[in-house]
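One structure is given below, encoded as structure tokens.
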Amino acid sequence: MDPILIEHVREPNAFTLEFYLAHDGYQALRTAFGKKPDEIIELVKASGLRGRGGAGFPTGMKWQFVDKKVEPRYIACNADESEPGTFKDHLLMERYPHLLLEGCAIGCYAIGARVAYIYIRGEFLHVQMNLERAIEEAYAKGYLGRNILGSGFDCDVYVHRGAGAYEAGEETALLESLEGKRAQPRNKPPFPALVGLYGKPTAVNNVETLCNVPLIVQKGAAWYAALGPEKNGGPKLYCVSGHVRRPGVYEDSMNVTLRELVEGRAGGVREGRTLKAVIPGGSSVPILMPDQIDIPASFDSVQKAGSLLGSAAIVALDDTTCVVWLAENLLHFYRHESCGKCTPCREGTDWLYKILRKIERGEGQMRDLDLLQNISTNIAGKTLCAFGDAAVTPVLTTLKHFRHEYEAHVREGRCTLPADWRARQAVSAH
Amino acid sequence: MSFHPKMSYDAAFHKSARTLEDEGPPFEYTPENRARFEEIAKRYPPERRRSAVLPALYLAQDQQGYITANAIRHVADVLGITRADVEDVVSFYTMFYTKPVGRFVLQVCRTLSCALNGAERVTEALVDTLHIRPGETDASGTFTLIEVECLGACDRAPVVMVNDAWHECLRPEDASKLIDDLRTRGEAALSGCHHVVEKR
């Protein structure tokens with residue numbers, strides 16, 4: 001499939017309003033104003049657009065759930081892209097920000113919100129500056145602000161910069177952070193569609209999700225749905241990184257297989273290496289073995305294979321990767337990023353990290369493997385948000401597929417991969 | 001079987017170790033920053049000024065280099081919330097510094113995709129060049145080295161964020177060059193280092 005969302009991103013000046021208008025920019029917004037808000041929601045529902053942030057929840061349904069009787073309502077755009085391996089929203093916002101702004105404006109019109117906050121992660125200052133420049137341009141030309149395009153509809157879009165917290169990517173934690181508090185999740189229900197930002201109905205949507213909305217409005221739900229397999233329509237951005245020759249963002253329909261993405265588009269692993277495993281959806285999802293990746297990279301197919309598409313962050317691992325080290329690396333991440341609200345996650349991730357570090361250093365015992373399992377199952381499902389489940393996944397999935405490597409670490413008292421692989425793995429120099 | 005691993009907790013681990021001992025010099029926004037703050041605060045409903053706490057803290061940090069207890073008092077006053085509320089936020093988010101940092105803060109991403117591509121080697125090269133360990137500032141107050149979690153540039157691994165600018169696809173042998181460049185050219189070495197994703 002030819003790129004649609006990122007068709008123009010690599011062209012110079014793609015981020016300017018002038019360029020965007022020359023490529024049918026803001027036409028969908030005009031079209032949207034010709035319809036009733038409910039019709040837009042029905043259209044998005046019919047298209048089958050599923051949230052691109054990770055959960056894959058149907059966007060149209062999310063918008064429908066927003067309580068239309070309460071004023072004001074809000075859109076919170078989740079641009080806190082921080083799942084390890086994910087970098088698609090970064091590209092869209094940096095190189096083609098007006099697409100997101102148009103998506104925000106249509107979303108606001110559909111649910112009757114007057115304000116959209118784009119919550120961007122703190123490290124993306126250069127992206128934020130691009131976005132804010134685009135917002136200024138859009139205000140100046142009347143695509144945002146008061147009485148947009150003479151429709152009588154008002155919509156403000158603001159960028160809100162986070163300050164370094166993975167947990168802020170969780171929808172309720174994002175709202176807490178937006179309210180000026182610690183980014184810690186709320187108990188659900190009530191869901192943000194009923195009680196969200198400042199206690200008002202709020203739709204929390206990922207950047208890529210909102211970028212799909214103008215396409216649907218412009219080209220129709222049927223066209224959109226037909227792009228991919230059933231219930232997995234539309235274009236999808238895949239972030240391929242790790243041990244591949246050409247890491248990057250690749251756009252395709254969800255008919256494309258994981259193997260095609262890793263070995264075709266991204267060039268496969270380097271010369272003389274073999275593929276050991278693939279993480280199909282960011283660090284929080286179970287790994288797939290090389291014989292499991294001949295499946296469509298769609299939400300449903302990947303789930304059927306025992307993993308999740310998540311944020312479509314595909315990380316390829318070659319045979320130089322020690323999985324105990326991998327689990328240790330990721331648990332270092334989760335331990336650091338746990339928000340500390342729920343005890344199992346706050347304490348458990350630290351325990352897991354310390355045990356993994358012990359095993360990786362060759363100081364582990366066989367009973368530590370059961371302990372890892374035991375702690376993991378006592379974290380999963382016992383926390384307010386999905387962080388707990390995410391954090392134990394690297395441990396459980398590596399134990400499931402590579403228990404022999406853990407046992408070898410314990411038995412030999414060292415990593416059994418060729419000793420200096422990791423040490424001399426300078427840099428891929430793609 | 002005990003759930004408790006028989007291991008002592010590192011003193012340096014939990015975020016609670018980040019205390020605000022530094023009262024710092026008296027702090028107040030410059031008139032420009034104050035005006036900038038009021039501009040930002042308008043984005044939120046008037047009764048929800050607290051929402052502006054992150055931008056308010058960024059302004060304070062930009063003005064003074066790091067967040068002191070006095071800065072927290074001032075931010076609390078302009079927002080109309082308690083100091084505890086502000087300190088709560090400061091101690092949670094990793095991008096606020098509670099002690100002085102160098103003129104250049106080097107943040108090396110250490111999470112999976114960068115690590116798979118040799119981020120550890122880059123950190124080692126920086127440690128060797130600067131003679132400081134991660135978390136430390138060199139004697140001249142020019143460089144601070146920090147290891148951070150995923151920066152979201154996994155296709156351009158390994159990434160080092162210098163202040164707010166990204167240096168990408170960094171090889172260990174480039175590390176000392178980067179330091180030399182920063183030493184000789186100063187802030188000018190930062191601009192333009194975030195290259196546009198090239199056509200692949």
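The way I read the labels, and the way they are meant: chains A, B, ... in the order of the structure tokens, residue 1 as the first residue of every chain, and ligand 1 as the first ligand shown, with later ones counted on from there.
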
Hey, which bits of chain B sit within 6 Å of chain A, and for each residue what's the closest pair of atoms and how far apart in Å (one decimal), counting only C-alpha atoms, rows by chain and increasing number, as CSV?
residue,atom,partner,partner_atom,distance
B:Arg50,CA,A:Gly180,CA,5.2
B:Ser51,CA,A:Gly180,CA,4.1
B:Val53,CA,A:Gly180,CA,5.4
B:Val89,CA,A:Arg182,CA,5.4
B:Tyr93,CA,A:Gly164,CA,5.5
B:Thr94,CA,A:Gly164,CA,5.2
B:Met95,CA,A:Ala163,CA,5.2
B:Ser113,CA,A:Gly242,CA,4.8
B:Asn117,CA,A:Val427,CA,4.9
B:Gly118,CA,A:Val427,CA,5.1
B:Cys150,CA,A:Pro84,CA,5.6
B:Gly152,CA,A:Phe87,CA,5.2
B:Ala153,CA,A:Phe87,CA,5.8
B:Cys154,CA,A:Gly85,CA,5.6
B:Asp155,CA,A:Pro247,CA,4.8
B:Arg171,CA,A:Val427,CA,5.9

Report task. Output as a PyMOL selection string all residues of chain B that backbone DSSP marks as strand (DSSP E). Result -> chain B and resi 104-109+143-148+160-162+165-167

**Report entry** Contact residues around Ala305 in chain A with only C-alpha atoms at 9 Å, ignoring same-chain residues under 3 positions, as number ranges by chain
**Finding:** A: 288, 292-293, 295, 300-302, 308

Could the residues in this selection be saved with C-alpha atoms as a PDB file, in the first residue's frame?
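To be explicit, this is the file written out as result.pdb:
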ATOM      1  CA  LEU A 288       6.870 -13.707  19.178  1.00  0.00           C
ATOM      2  CA  GLN A 292       5.207 -16.933  14.519  1.00  0.00           C
ATOM      3  CA  ILE A 293       5.619 -13.780  12.469  1.00  0.00           C
ATOM      4  CA  ILE A 295       0.794 -13.251  10.315  1.00  0.00           C
ATOM      5  CA  ASP A 300      -6.739  -9.188  15.877  1.00  0.00           C
ATOM      6  CA  SER A 301      -4.137 -11.415  14.195  1.00  0.00           C
ATOM      7  CA  VAL A 302      -1.346 -10.478  16.564  1.00  0.00           C
ATOM      8  CA  LEU A 308      -0.638  -7.608  21.120  1.00  0.00           C
TER       9      LEU A 308
END

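For the pair CA of Cys114 in chain B and CA of Thr349 in chain A, the separation is 21.3 Å.
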
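In this model, the gap between CA of Phe153 in chain A and CA of Pro192 in chain A comes to 23.4 Å.
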
Requested in this report: For CA of Phe299 in chain A and CA of Phe57 in chain A, quote the distance in Å rounded to one decimal.
Outcome: 10.0 Å

**Report entry** Neighbour list for Asn163 in chain B as a PyMOL selection string, cut-off 9 Å, only C-alpha atoms, skip fewer than 2 positions in-chain
**Finding:** chain B and resi 103-107+161+165-166+190

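Minimum distance to Leu17 in chain A across A:Thr59, A:Asn78, A:Asn130, A:Ser47 (counting only C-alpha atoms) occurs at A:Asn130.
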
Query raised in the report: Neighbours of Val90 in chain B within 12 Å (only C-alpha atoms; same-chain residues fewer than 5 positions away dropped), as a PyMOL selection string?
Result: (chain A and resi 162-165+177+180-183) or (chain B and resi 15-16+18-20+53-58+60-61+66-69+71-73+75-76+83-85+95-99)

Query raised in the report: Could you pull out the helix (DSSP H, G or I) residues of range 10-168 of chain B from DSSP and send them as a ChimeraX atom specification?
Result: /B:15-17,31-41,46-64,69-79,83-92,112-116,119-130,154-156

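With only C-alpha atoms as the atoms that count, the minimum distance from Tyr74 in chain A to the choices A:Pro235, A:Gly54, A:Gly199, A:Gly169 is reached by A:Gly199.
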
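Excluding Pro158 in chain B itself and any same-chain residue fewer than 6 positions from it, the protein and nucleic acid residues within 10 Å of it, counting only C-alpha atoms, are A:Val427, A:Ser428, B:Val108, B:Cys109, B:Arg110, B:Thr111, B:Leu112, B:Ser113, B:Cys114, B:Ala115, B:Leu116, B:Asn117, B:Gly118, B:Ala119, B:Glu120, B:Arg121, B:Val122, B:Leu151, B:His167, B:Glu168, B:Cys169, B:Leu170, B:Arg171, B:Pro172.
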
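Among the candidates A:Gln303, A:Thr209, A:Thr202, A:Thr393, the residue lying nearest to Gly112 in chain A is A:Thr202 (atoms considered: only C-alpha atoms).
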
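For the set B:Val127, B:Tyr44, B:Gln63, B:Pro26, the residue with the smallest atom-to-atom gap to Ala175 in chain B is B:Val127, counting only C-alpha atoms.
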
Mind checking which residues fall within 9 Å of Leu178 in chain B, counting only C-alpha atoms, ignoring those fewer than 4 positions away in the same chain, and posting them as a PDB file with C-alpha atoms, in the first residue's frame?
ATOM      1  CA  HIS B 167      22.041  13.891  18.757  1.00  0.00           C
ATOM      2  CA  ASP B 174      31.544  10.187  18.071  1.00  0.00           C
ATOM      3  CA  LEU B 182      30.352  21.527  22.621  1.00  0.00           C
ATOM      4  CA  ARG B 183      33.501  22.801  24.323  1.00  0.00           C
ATOM      5  CA  ALA B 189      26.963  22.986  18.381  1.00  0.00           C
TER       6      ALA B 189
END
